[in-house]
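Report on the following structure.
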Amino acid sequence: MTTHLLLALLIVVPLAAAVIALLLRRAPAVQPWVNLVSMISMAGLSVALLVRVSSAGIQATTFGGWPMPFGITLVADHLSVIMLLISSIMGVVLAIYAMGDMDPKRVKFGFYPFMNLLMVGIAGAFLTGDLFNLYVWFEVLLIASFVLMALGNTRAQLTANIKYVSINLVSSLIFLAGIGFIYGLTGSLNMAEVASILGDMEGASGIITTVSMLFLIAFGIKAAIFPLFYWLPASYHTPPPTIMALFAGLLTKVGVYAMIRVFTLLFNVQDGYTQTILLWIAGLTMVTGVLGAAAQTDFRRILSFHIVSQIGYMIMGLALFTPLALIGSIYYVVHNILAKSNLFLISGVTRHLQGTFTLKKLKGLYAHYPGLSILFLLSAFALAGFPPLSGFWGKLILGIAGLQAQEYIIVGVAFAVGIMTMFSMTKIWMYSFLPGGGADDDQPADRPDTVPPLAGNVRLLYVPIALVAVLIVGISLFIGPVYEVGNQAATELMNADLYIDAVLGHEDSIAQPAPGADLDGSAGGVHTR
């Protein structure tokens, strides 16, 4: 299979599945299987692409019959393929979970078509080599997420969706403004060419740094960094568990990916000013997220605030901007997608079993469902960084990178937040799983002393949760191979010329002047190779 076809199929497959599922809206029993086949196909294609990139280097292609850099460009390096692979694996997990969790009403109103449309936007965002197309793919996944969040039409969902839509529209406008400034400066929106031009603009560091702040704000809103995160804990807890896990695992990580991409390829993190801002953002994101979680008494809200807290670790690696720190960020993204999504899935099972997400109304799950309890402990300990699970390795790599960079404060904050994360996980354990843990002395005994046996659809929910638990153990025990793939991604990120040469040197093409651009090589002109 050619690279051109491989890259195209990663977008075409979920798009075709979305169309097929929409056409089968009167056959709701068939839609879950179409969705599952789509997700498995994406996972297989992602594995094939990872093998291709690992053996042959960064892969790039264009569509529409235009030469580089004017065509619709798709690029796959180790970072984008890692993100694609873990996202498609979670797609498979959530496709199985949805079979036991998603109610007929939401299926009728388009859950499966819009889940696949969301995956189209995610795949496009990870693979695009063009800033404007990145904006387009963001809008595709945001439109899909708007619909998924509103499915069910409850008051809480609609209220949350208004907040979610409003702040993300602001983010999109800021992103679009940043794109406009970039085009005005370079005459191009191809990321490889923009990087090449900006690298030659020695006297324009001030304006470039200013423009980079627009991208920081736009992607920071999408990634839910401090102080732009308030929309996330106000909205992510309202949809069903399948959608909660989908959002928690993937949406904010697309924002993190975009930040890593533009601040390693286009903008200089180590200009002092940007690095200081990112370090402060990382620390404050960790602290505010974990403190918000500590104050909550709802299973979903605790996990929603911890999404914010964990984003801080990913930004920490970018702020330190060393090869080891970037390895830590990439590993932490993969770990967090698995651990955080699994905790949301487990919260869904507790809701099926006891009819609530409120900790004070939960109790005694350990005595009746020890398997579920073990799966919770595994995911919770991984999230908190309990050795030797995946969160420990992520924090250790980032901590060593911080010590090597002599950034002792952020290292201290990172490890303190890990301890506070354990407090939140312990609170969930005590209330939900221990006998009588959620009972208040003055609360009427309106809950049964025995937990009903598992229904058939609840038994199915165990399968994807167990699968993710196996993956968490896998990336914990086989840290060596995972570290090596992360090292290859970090090497490419630290050497932007590898990306630029792979794209602009594709098929020996030479960048031609953009329409209306100056030819003297000044700002607004086009760099030729």
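By order of appearance in the structure tokens: chains A, B, ..., then residues from 1 within every chain, and ligands from 1 in the order shown.
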Practice task
Please identify all polymer residues within 8 Å of Phe219 (chain A), counting only C-alpha atoms, omitting same-chain residues fewer than 4 positions from it, and present them as a PyMOL selection string.
Solution key: chain A and resi 171+175+215+223+255-256+258-259
Save out the residues we just selected, N, CA, C and O atoms, as an mmCIF file, in the first residue's frame.
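Okay, this is what ended up in out.cif:
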data_model
loop_
_atom_site.group_PDB
_atom_site.id
_atom_site.type_symbol
_atom_site.label_atom_id
_atom_site.label_comp_id
_atom_site.auth_asym_id
_atom_site.auth_seq_id
_atom_site.Cartn_x
_atom_site.Cartn_y
_atom_site.Cartn_z
ATOM 1 N N SER A 171 -12.074 30.475 20.618
ATOM 2 C CA SER A 171 -10.788 29.855 20.305
ATOM 3 C C SER A 171 -10.563 29.785 18.797
ATOM 4 O O SER A 171 -9.465 30.083 18.302
ATOM 5 N N PHE A 175 -7.602 31.523 16.608
ATOM 6 C CA PHE A 175 -6.773 30.679 15.739
ATOM 7 C C PHE A 175 -6.778 31.218 14.314
ATOM 8 O O PHE A 175 -5.726 31.326 13.667
ATOM 9 N N PHE A 215 -1.599 31.742 18.951
ATOM 10 C CA PHE A 215 -1.719 30.285 18.844
ATOM 11 C C PHE A 215 -1.735 29.640 20.229
ATOM 12 O O PHE A 215 -2.449 28.660 20.456
ATOM 13 N N ALA A 223 -6.985 22.892 24.700
ATOM 14 C CA ALA A 223 -6.319 21.932 25.583
ATOM 15 C C ALA A 223 -6.721 22.092 27.038
ATOM 16 O O ALA A 223 -6.368 21.263 27.869
ATOM 17 N N GLY A 255 -5.661 19.445 21.196
ATOM 18 C CA GLY A 255 -5.129 20.772 21.507
ATOM 19 C C GLY A 255 -3.687 20.710 21.961
ATOM 20 O O GLY A 255 -2.852 21.537 21.562
ATOM 21 N N VAL A 256 -3.350 19.715 22.801
ATOM 22 C CA VAL A 256 -1.967 19.543 23.247
ATOM 23 C C VAL A 256 -1.068 19.228 22.057
ATOM 24 O O VAL A 256 0.042 19.771 21.927
ATOM 25 N N ALA A 258 -1.498 20.081 18.954
ATOM 26 C CA ALA A 258 -1.318 21.292 18.141
ATOM 27 C C ALA A 258 -0.305 22.226 18.785
ATOM 28 O O ALA A 258 0.519 22.846 18.082
ATOM 29 N N MET A 259 -0.329 22.349 20.124
ATOM 30 C CA MET A 259 0.659 23.189 20.801
ATOM 31 C C MET A 259 2.065 22.649 20.599
ATOM 32 O O MET A 259 3.005 23.404 20.302
#
Problem - Test item: residues at most 12 Å from Leu471 (chain A), only C-alpha atoms, excluding those fewer than 3 positions along its chain, as a count of residues only - result: 28
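With only C-alpha atoms as the atoms that count, the residue of A:Ile221, A:Gly402, A:Leu372, A:Ser188 with the shortest distance to Leu279 (chain A) is A:Gly402.
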Problem - Counting only C-alpha atoms, the residue of A:Met102, A:Ile96, A:Val287, A:Leu148 that sits nearest Ser235 (chain A) - result: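 The answer is A:Leu148, which sits nearest to Ser235 (chain A).
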Handout entry: Test item: residues at most 10 Å from Val53 (chain A), only C-alpha atoms, excluding those fewer than 5 positions along its chain, as a list in words
Key =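 So, after excluding close chain neighbours, the residues are Thr3, Val47, Ala48, Ile58, Gln59, Ala76, Asp77, His78 and Val81 of chain A.
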Written selection (N, CA and C atoms) as a compact mmCIF listing (two decimals), in the first residue's frame:
# COMPACT_ATOMS: atom_id res chain seq x y z
N THR A 3 2.08 5.20 0.46
CA THR A 3 1.89 6.17 1.54
C THR A 3 0.70 7.06 1.23
N VAL A 47 -1.18 1.25 12.68
CA VAL A 47 -0.03 0.37 12.90
C VAL A 47 0.83 0.30 11.64
N ALA A 48 0.18 0.14 10.49
CA ALA A 48 0.92 0.09 9.23
C ALA A 48 1.69 1.39 8.99
N ILE A 58 9.90 10.27 7.97
CA ILE A 58 8.69 11.07 7.86
C ILE A 58 8.09 10.93 6.46
N GLN A 59 6.77 10.69 6.42
CA GLN A 59 6.06 10.49 5.15
C GLN A 59 5.19 11.70 4.84
N ALA A 76 3.05 12.54 8.02
CA ALA A 76 3.06 11.61 9.15
C ALA A 76 4.49 11.49 9.68
N ASP A 77 4.71 12.01 10.89
CA ASP A 77 5.95 11.73 11.60
C ASP A 77 5.62 10.88 12.82
N HIS A 78 6.59 10.60 13.66
CA HIS A 78 6.33 9.72 14.79
C HIS A 78 5.29 10.29 15.75
N VAL A 81 1.77 9.87 14.24
CA VAL A 81 1.37 8.46 14.16
C VAL A 81 1.08 7.90 15.54
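CA of Ser41 (chain A) to CA of Ala8 (chain A) spans 12.8 Å [interatomic distance, one decimal].
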Fill in the blank from the handout: Between A:Gly348, A:Gly391, A:Gly44, A:Gly184, smallest distance to Tyr331 (chain A) by only C-alpha atoms belongs to A:Gly391
Practice task
One decimal, Å: what's the distance from CA of Val413 (chain A) over to CA of Leu216 (chain A), could you say?
Solution key: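 Calculated distance between CA of Val413 (chain A) and CA of Leu216 (chain A) is 22.0 Å.
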Problem - Top pick for closest residue to Lys108 (chain A), considering A:Ala177, A:Val170, A:Leu24, A:Leu343 and counting only C-alpha atoms - result: A:Leu24
Practice task
Assign secondary structure with DSSP using the backbone only, and return the residues of region 302-511 of chain A in helix (DSSP H, G or I) as a PyMOL selection string.
Solution key: chain A and resi 302-320+323-354+359-361+365-368+370-384+390-404+408-432+456-477+479-494+496-504+506-508
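The shortest atom-to-atom distance to Leu15 (chain A), with only C-alpha atoms taken into account, belongs to A:Val140 out of A:Val140, A:Pro28, A:Asp200, A:Ala60.
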Handout entry: DSSP-assigned strand (DSSP E or B) among region 22-261 of chain A, expressed as a ChimeraX atom specification
Key = /A:59-63,72-76,128,130,190
Practice task
Fewer than 3 positions away in the same chain doesn't count, so skip those; otherwise give me all residues within 9 Å of region 499-502 of chain A, counting only C-alpha atoms, as a VMD selection string.
Solution key: chain A and resid 57 to 60 75 77 191 to 193 195 to 196 265 492 to 493 495 to 496 505 to 506
Handout entry: Shell of 10 Å around Gln157 (chain A), only C-alpha atoms, local chain residues under 6 positions omitted, as a list in words
Key =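 Close residues of Gln157 (chain A): Leu148, Met149, Ala150, Leu151, Ala234, Ser235, Tyr236, His237, Thr238, Pro239 and Pro240 of chain A.
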Problem - Residue contacts of Asn133 (chain A) (12 Å, only C-alpha atoms) excluding same-chain residues fewer than 5 positions away, as a PyMOL selection string - result: chain A and resi 70-74+121+123-128+138-140+175-176+179+189-191
Filtering to N, CA and C atoms, could you give me those residues as a CSV table (one decimal), in the first residue's frame?
chain,number,residue,atom,x,y,z
A,70,PHE,N,1.7,23.6,-2.4
A,70,PHE,CA,0.4,24.3,-2.6
A,70,PHE,C,-0.8,23.3,-2.5
A,71,GLY,N,-0.6,22.0,-2.6
A,71,GLY,CA,-1.7,21.1,-2.5
A,71,GLY,C,-2.1,20.8,-1.1
A,72,ILE,N,-3.1,20.0,-0.9
A,72,ILE,CA,-3.6,19.6,0.4
A,72,ILE,C,-2.6,18.6,0.9
A,73,THR,N,-1.8,19.0,1.9
A,73,THR,CA,-0.7,18.3,2.4
A,73,THR,C,-1.0,17.4,3.6
A,74,LEU,N,-0.6,16.2,3.5
A,74,LEU,CA,-0.7,15.3,4.7
A,74,LEU,C,0.7,14.8,5.0
A,121,GLY,N,-12.2,14.2,12.0
A,121,GLY,CA,-11.5,15.5,12.4
A,121,GLY,C,-10.3,15.3,13.2
A,123,ALA,N,-8.2,12.5,13.0
A,123,ALA,CA,-7.2,12.0,12.1
A,123,ALA,C,-6.7,13.2,11.2
A,124,GLY,N,-7.6,14.0,10.7
A,124,GLY,CA,-7.2,15.1,9.9
A,124,GLY,C,-6.3,16.1,10.6
A,125,ALA,N,-6.6,16.4,11.9
A,125,ALA,CA,-5.8,17.3,12.6
A,125,ALA,C,-4.4,16.7,12.9
A,126,PHE,N,-4.3,15.5,13.1
A,126,PHE,CA,-3.0,14.8,13.4
A,126,PHE,C,-2.1,14.8,12.1
A,127,LEU,N,-2.7,14.6,11.0
A,127,LEU,CA,-2.0,14.4,9.7
A,127,LEU,C,-1.8,15.6,8.9
A,128,THR,N,-2.5,16.7,9.0
A,128,THR,CA,-2.4,17.8,8.1
A,128,THR,C,-1.1,18.5,8.3
A,138,PHE,N,-10.1,21.0,12.9
A,138,PHE,CA,-10.6,21.4,14.2
A,138,PHE,C,-12.1,21.7,14.2
A,139,GLU,N,-12.5,22.4,13.2
A,139,GLU,CA,-14.0,22.7,13.1
A,139,GLU,C,-14.8,21.4,12.9
A,140,VAL,N,-14.3,20.5,12.1
A,140,VAL,CA,-15.0,19.2,11.9
A,140,VAL,C,-15.2,18.5,13.2
A,175,PHE,N,-7.6,31.5,16.6
A,175,PHE,CA,-6.8,30.7,15.7
A,175,PHE,C,-6.8,31.2,14.3
A,176,LEU,N,-7.9,31.6,13.8
A,176,LEU,CA,-8.1,32.1,12.5
A,176,LEU,C,-7.3,33.4,12.3
A,179,ILE,N,-3.7,32.6,12.0
A,179,ILE,CA,-3.4,32.1,10.6
A,179,ILE,C,-3.3,33.3,9.7
A,189,LEU,N,0.8,28.9,4.0
A,189,LEU,CA,0.2,28.3,5.2
A,189,LEU,C,0.7,26.8,5.4
A,190,ASN,N,1.5,26.4,4.4
A,190,ASN,CA,2.1,25.1,4.6
A,190,ASN,C,3.1,25.1,5.7
A,191,MET,N,2.9,24.3,6.7
A,191,MET,CA,3.7,24.4,8.0
A,191,MET,C,5.2,24.2,7.8
Handout entry: Point-to-point distance from CA of Ala282 (chain A) to CA of Ile315 (chain A), Å rounded to tenths
Key =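 Straight-line distance from CA of Ala282 (chain A) to CA of Ile315 (chain A) works out to 5.3 Å.
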With the cut-off set at 8 Å and counting only C-alpha atoms, tabulate each residue of region 282-379 of chain A with an atom at most that distance from an atom of region 416-429 of chain A, showing the nearest atom pair and its distance in Å to one decimal, ordered by chain and increasing number, as CSV.
residue,atom,partner,partner_atom,distance
A:Met286,CA,A:Val417,CA,6.6
A:Val287,CA,A:Val417,CA,6.4
A:Val290,CA,A:Thr421,CA,6.3
A:Ala293,CA,A:Ser424,CA,6.7
A:Ala294,CA,A:Ser424,CA,5.7
A:Phe299,CA,A:Ile428,CA,7.0
A:Ile302,CA,A:Ser424,CA,7.3
A:His306,CA,A:Thr421,CA,7.7
A:Leu359,CA,A:Ile428,CA,6.9
A:Leu377,CA,A:Trp429,CA,8.0
What would the file look like if the residues just selected were written as a CSV table (one decimal), in the first residue's frame with C-alpha atoms?
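That gives us selection.csv:
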chain,number,residue,atom,x,y,z
A,286,MET,CA,-1.6,21.2,37.5
A,287,VAL,CA,-2.4,22.9,40.8
A,290,VAL,CA,-6.0,19.0,41.3
A,293,ALA,CA,-10.9,17.8,42.0
A,294,ALA,CA,-10.3,17.7,45.7
A,299,PHE,CA,-17.3,10.9,40.4
A,302,ILE,CA,-13.5,14.8,40.0
A,306,HIS,CA,-8.1,15.8,36.8
A,359,LEU,CA,-20.0,9.7,45.9
A,377,LEU,CA,-7.3,0.7,41.5
Mind dumping a table of every region 208-302 of chain A residue within 9 Å of region 318-328 of chain A, with the nearest atom pair and its distance in Å to one decimal, using only C-alpha atoms, sorted by chain and rising number, as a tab-separated table?
residue	atom	partner	partner_atom	distance
A:Met259	CA	A:Leu318	CA	8.5
A:Ile260	CA	A:Leu318	CA	6.5
A:Phe263	CA	A:Leu318	CA	8.0
A:Thr264	CA	A:Leu318	CA	8.3
A:Val269	CA	A:Ala319	CA	6.9
A:Gln270	CA	A:Phe321	CA	7.4
A:Thr274	CA	A:Ala319	CA	8.1
A:Gln275	CA	A:Ala319	CA	5.3
A:Thr276	CA	A:Ala319	CA	7.6
A:Ile277	CA	A:Ala319	CA	8.3
A:Leu278	CA	A:Ala319	CA	5.2
A:Leu279	CA	A:Ala319	CA	5.5
A:Ala282	CA	A:Ala319	CA	7.9
